[in-house]
Amino acid sequence: MSYIQGETGDWEIVIGLEVHAQVISNAKLFSGAATDFGSEPNSQVSFVDAAFPGMLPVINAFCVEQAVRTGLGLKAEINLQSVFDRKNYFYADLPQGYQISQFQQPIVGKGEIVLDLPDGSSRTVGVTRLHLEQDAGKSLHDQHPSKTYIDLNRSGVALMEIVSEPDMRTSEEAGAYVRKLRSILRYLGTCDGNMEEGSMRCDVNVSVRRPGEPFGTRCEIKNVNSIRFVMQAIEYEARRQIEILEEGGKIDQETRLWDTTKFVTRSMRSKEEAHDYRYFPDPDLLPLELEPEWVEDIKRTLPELPDDKKARFIQDFKLSPYDAGVLVAEKARADYFETVAKGRDPKMAANWVTGDLFGALNKSGKDIEESPVTAENLGGLIDLIADNTISGRIAKEVFEAMFETGEKAADIVEKKGLRQVTDTGAIESSIDAVMAANADKVAEFRSGKDKLFGFFVGQVMKATQGKANPALVNEILTAKLKG
Amino acid sequence: MAELTRLTMAQALDGLSKKDFTAVELTEAHVGAMEAVRPLNAYITETPDQALEMARASDARRAKGEAGPMDGLPIAVKDLFCTKGVATTAASRILEGFVPPYESTVTANLWRDGAVMLGKVNLDEFAMGSANITSHHGEVVSPWSPGAPGSWSRRIVPGGSSGGSAAVVAARAALGATGTDTGGSIRQPAGYTGIVGIKPTYGRCSRWGVVAYASSLDQAGPMTRTVEDAAIMLRSMCGFDPKDSTSVDMAVPDFRAALTGDIRGLRVGIPREYRVDGMPAEIEALWSRGVEWLKAAGAEPVEISLPHTKYALAAYYIVAPAEASSNLARYDGVRFGRRVEGGSLNELYENTRGEGFGKEVQRRILIGTYVLSAGYYDAYYLKAQKVRTRIKQDFDEAFRSCDVILTPTAPSTPFAIGDNSDDPVQMYLNDVFTVPVNLAGLPGMSVPAGLGGDGLPLGLQLIGRPFDEETLLRVGQAIETAANFTATPPFMA
């Protein structure tokens with residue numbers, strides 16, 4: 001258990017997350033309007049999205065399929081009957097004056113997400129539910145000194161709200177939850193998980209308590225749009241609550257905002273100011289009924305998900321849980337690794353991918369999809385090491401050149417003349433020259449100063465520009481020094 | 001050419017096909033009639049140019065032998081249906097200046113079948129009312145008057161909310177009109193003006209493009225002078241629409257073919273709970289007469305029970321306002337219609353909605369908001385939904401022992417403008433016989449059956465099984481034949 005140390009003793013943080021994930025779909029949840037990000041304001045708006053008189057919603061079957069696919073990916077119950085409700089509130093970017101959502105009967109029930117923690121351990125967090133709902137439009141307050149502009153492009157776009165149980169106890173776990181959920185959604189192809197573009201947003205519920213005591217009063221931090229902010233907001237909010245409680249105060253249940261410039265949470269509205277959403281079943285839509293066979297069909301087409309892939313990597317490739325976890329976190333990474341590992345030493349492949357490649361990508365700010373070194377070419381490099389064409393040390397140099405130019409390993413080795421020297425004659429003459437130039441050191445070695453062996457190896461490698469086969473150097477040098 | 005406006009739709013179709021007159025002549029006669037009935041305040045928007053253009057196109061189609069089932073028939077459209085390029089107000093100030101860029105499915109169906117639009121007619125604001133006195137465009141006056149025949153005193157309400165539709169059809173200023181019925185808004189005004197009105201089964205007519213009042217209850221239907229005309233017009237109006245999720249994917253029968261005149265052996269249910277306290281004796285007598293007519297035609301009256309009837313009105317006045325409070329949230333001054341600026345967003349809302357909505361609409365929004373509020377939802381909305389289920393079960397049970405149900409359309413005779421207007425509950429009581437039909441989603445129909453002692457029309461209501469409009473029409477025609485209702489209002493075009 002990890003507790004926070006307060007002035008008066010230990011505290012435990014309790015965290016639950018509500019993630020809004022935009023469904024990957026060409027059309028909106030209840031209209032045929034397009035959903036492309038970054039289009040001209042109000043260019044993707046149907047009369048339904050703008051809530052013109054007499055317009056009616058019609059459910060988009062593909063969005064339903066995506067929600068079911070996500071539910072299955074979260075190992076959750078799929079509710080064969082669900083109901084769309086109206087959540088009523090007034091806002092300028094909410095054209096209908098209500099959001100069509102699911103309140104009492106969501107499409108997906110209880111599921112779970114396995115967190116991969118930095119120490120390689122796992123922890124299961126419960127998913128309470130997933131429901132489908134419409135997104136609102138966007139209010140632009142900075143376009144005019146006194147007016148607000150409204151962009152309805154997002155109005156009516158399908159969102160999945162995925163609600164967790166209050167199962168997390170640290171900000172790291174919350175971060176791991178969002179990362180893992182995003183990974184699953186991307187594997188499934190149901191949400192692109194792009195938090196900067198707002199296609200994934202988090203509401204964070206935080207409370208604190210003394211270990212073993214019942215849950216405390218929670219505050220909800222709305223619309224946090226990066227994993228880093230989620231973690232920072234939790235840390236700040238927990239400290240804030242502990243401070244109040246330790247001073248004898250009490251926590252007011254309220255909605256707060258994460259201030260991304262001051263790194264604090266600020267009160268948005270209190271419980272008294274909370275909206276009464278007046279939920280009721282939307283009379284324009286019938287209850288949504290799914291055929292069990294249809295759900296089974298979707299289940300059959302599910303891709304291998306990160307947890308299964310991780311288990312397989314550990315089992316088949318004998319990778320450590322940590323390496324396996326790092327590799328499966330993104331499907332593109334896992335695919336890359338599998339291509340490299342195919343027919344090669346998997347441990348070596350894993351080292352190259354997680355070490356040199358990820359390091360280089362990280363440094364250059366590139367995604368794996370943009371890697372100048374293709375999986376096939378990295379495999380080629382490993383092959384050159386395996387058949388002794390180059391040494392591991394030279395390979396690092398070759399890799400750097402590959403990353404820079406995108407060329408194949410063999411071409412670079414050839415061009416730069418980096419082929420390993422395995423000609424024993426050439427190695428012998430190098431050794432002879434080194435020994436002749438360092439006669440004093442040879443004498444010292446022979447009188448028992450074993451440690452000098454490394455010096456001789458270094459000199460030989462230097463003389464051969466690192467191309468000498470290290471194993472041969474060792475062998476011949478040992479023989480010659482013994483005299 | 002006043003005689004052309006006296007025709008029924010069936011007669012007009014006959015005349016058009018025999019080339020006795022053209023659609024343009026028929027339409028010109030009705031354009032004249034439309035102008036003549038301006039004292040009724042029934043038309044909000046007259047579209048004579050569009051009407052004549054449609055009529056010319058109709059004549060061209062007929063000449064090519066491509067006439068549709070309603071080709072050349074001039075009709076009026078309740079101003080709740082969105083009509084492309086023609087102002088649509090829902091009789092509300094808040095929709096001032098709104099011109100829909102789209103056509104409702106129901107009106108599009110009518111134009112597809114050749115009907116000609118004369119204009120948009122008045123109604124209670126957002127279809128909320130039973131007297132057509134809540135319109136922003138002013139009240140509609142019934143062409144009927146009490147007392148001595150032939151003199152028009154401009155005193156009587158046409159009923160509501162489809163009061164404009166009822167008035168122009170009764171006054172011979174349209175061969176028919178579209179109406180909508182959420183709690184009786186077609187049947188009650190039809191009854192009050194001596195015409196026929198059908199609210200079909202929920203799901204028959206698409207709601208797409210019709211300004212919503214209470215989505216789970218709203219249903220469009222025809223208002224005409226004869227049962228046969230209702231059959232003609234209903235057929236054109238209904239049909240599956242993928243744009244309305246509550247529209248039913250069922251074949252549309254040829255309703256006119258159902259008018260066989262033979263109702264022998266049909267069991268007609270007489271609900272004992274509809275004998276309400278304070279119902280005028282003449283309505284009671286009319287109802288009994290209706291039973292006798294059907295009996296004489298070979299049907300068999302059976303007493304039935306609809307035990308939850310007494311809760312229907314209360315349930316309706318929870319469910320309908322609840323849905324309305326949400327449906328009308330979109331009228332916020334932000335995107336279309338009338339906007340009254342304010343210093344903040346909330347002020348803009350308050351000013352726009354405060355000035356844009358009339359008293360009755362505001363009353364229902366407040367009731368609806370209240371019954372959906374946290375802490376009241378279970379006691380009101382949820383309870384009302386349970387009542388609704390019971391009412392539906394009452395009808396299911398009743399239809400095991402009867403094929404159609406006969407009741408009066410309303411418990412009162414048409415009243416004077418100004419009566420009941422200070423007492424909303426008294427006004428709501430007018431809907432007591434019609435509301436249960438909407439709650440159960442059933443087809444209902446009002447047929448003119450006679451005149452009351454004051455010379456004002458009275459209607460009888462028929463209620464049918466779901467999607468059995470055919471039986472409804474067949475029985476309706478039997479009543480029409482027996483009642484031989486030939487009275488005409490003192491004010492006609």
# chains A, B, ... in the order shown; residues from 1 in each chain; ligands from 1
$ interface_residues --of "chain A" --to "chain B" --cutoff "6 Å" --atoms "only C-alpha atoms" --output "list in words"
Pro53, Gly54, Met55, Val58, Pro95, Gln96, Gly97, Arg278, Pro283 and Leu285 of chain A
$ residues_around --residues "Asp116 in chain A" --least-positions-apart "2" --cutoff "10 Å" --atoms "only C-alpha atoms" --output "PyMOL selection string"
chain A and resi 113-114+118-124+173+176-177+179-180+307+321-322+325-326+329
$ residues_around --residues "Glu247 in chain A" --least-positions-apart "6" --cutoff "10 Å" --atoms "only C-alpha atoms" --output "ChimeraX atom specification"
/A:7-8,241
$ select_by_dssp --residues "range 97-336 of chain A" --states "alpha helix (DSSP H)" --output "ChimeraX atom specification"
/A:171-188,227-246,292-300,306-317,321-328,331-336
$ closest_residue --among "B:Thr134, B:Ser412, B:Ser206, B:Thr105" --to "Met279 in chain B" --atoms "only C-alpha atoms"
B:Ser412
$ select_by_dssp --residues "range 119-190 of chain A" --states "strand (DSSP E or B)" --output "ChimeraX atom specification"
/A:122-134,138-140,149-151,158-164,168
$ write_last_selection --atoms "C-alpha atoms" --output "PDB file, in the first residue's frame"
ATOM      1  CA  SER A 122      -0.095  -5.967 -12.618  1.00  0.00           C
ATOM      2  CA  ARG A 123      -3.249  -4.770 -10.914  1.00  0.00           C
ATOM      3  CA  THR A 124      -6.869  -5.129 -11.982  1.00  0.00           C
ATOM      4  CA  VAL A 125      -9.199  -2.116 -11.928  1.00  0.00           C
ATOM      5  CA  GLY A 126     -12.951  -2.565 -12.294  1.00  0.00           C
ATOM      6  CA  VAL A 127     -14.899  -0.879 -15.074  1.00  0.00           C
ATOM      7  CA  THR A 128     -18.369   0.052 -13.845  1.00  0.00           C
ATOM      8  CA  ARG A 129     -19.982   0.710 -17.210  1.00  0.00           C
ATOM      9  CA  LEU A 130     -19.614   2.087 -20.698  1.00  0.00           C
ATOM     10  CA  HIS A 131     -22.342   4.106 -22.336  1.00  0.00           C
ATOM     11  CA  LEU A 132     -22.842   5.923 -25.621  1.00  0.00           C
ATOM     12  CA  GLU A 133     -23.615   9.607 -25.735  1.00  0.00           C
ATOM     13  CA  GLN A 134     -23.453  12.668 -27.960  1.00  0.00           C
ATOM     14  CA  LYS A 138     -17.601  24.082 -28.956  1.00  0.00           C
ATOM     15  CA  SER A 139     -17.889  27.613 -27.608  1.00  0.00           C
ATOM     16  CA  LEU A 140     -15.183  29.957 -28.867  1.00  0.00           C
ATOM     17  CA  TYR A 149     -18.902  31.961 -31.341  1.00  0.00           C
ATOM     18  CA  ILE A 150     -20.280  28.456 -31.616  1.00  0.00           C
ATOM     19  CA  ASP A 151     -18.776  25.651 -33.693  1.00  0.00           C
ATOM     20  CA  ALA A 158     -20.379   9.697 -30.683  1.00  0.00           C
ATOM     21  CA  LEU A 159     -18.593   9.363 -27.371  1.00  0.00           C
ATOM     22  CA  MET A 160     -18.130   6.348 -25.160  1.00  0.00           C
ATOM     23  CA  GLU A 161     -18.101   7.285 -21.496  1.00  0.00           C
ATOM     24  CA  ILE A 162     -16.099   4.627 -19.697  1.00  0.00           C
ATOM     25  CA  VAL A 163     -16.484   4.769 -15.925  1.00  0.00           C
ATOM     26  CA  SER A 164     -14.054   2.999 -13.580  1.00  0.00           C
ATOM     27  CA  MET A 168      -7.067   3.293  -7.886  1.00  0.00           C
TER      28      MET A 168
END
$ residues_around --residues "Lys331 in chain A" --least-positions-apart "4" --cutoff "8 Å" --atoms "only C-alpha atoms" --output "ChimeraX atom specification"
/A:183,186-187,306,335
$ residues_around --residues "Phe240 in chain B" --least-positions-apart "2" --cutoff "8 Å" --atoms "only C-alpha atoms" --output "tab-separated table (two decimals) with C-alpha atoms, in the first residue's frame"
chain	number	residue	atom	x	y	z
B	204	ARG	CA	-48.14	5.30	-38.93
B	205	CYS	CA	-47.20	8.85	-39.90
B	206	SER	CA	-43.63	10.06	-39.73
B	238	CYS	CA	-48.62	7.68	-43.78
B	242	PRO	CA	-36.27	5.67	-41.82
B	247	SER	CA	-42.08	5.11	-37.53
B	248	VAL	CA	-43.40	1.64	-38.21
B	249	ASP	CA	-42.23	-0.37	-41.20
B	250	MET	CA	-45.61	-1.66	-42.36
B	251	ALA	CA	-47.36	-1.64	-45.69
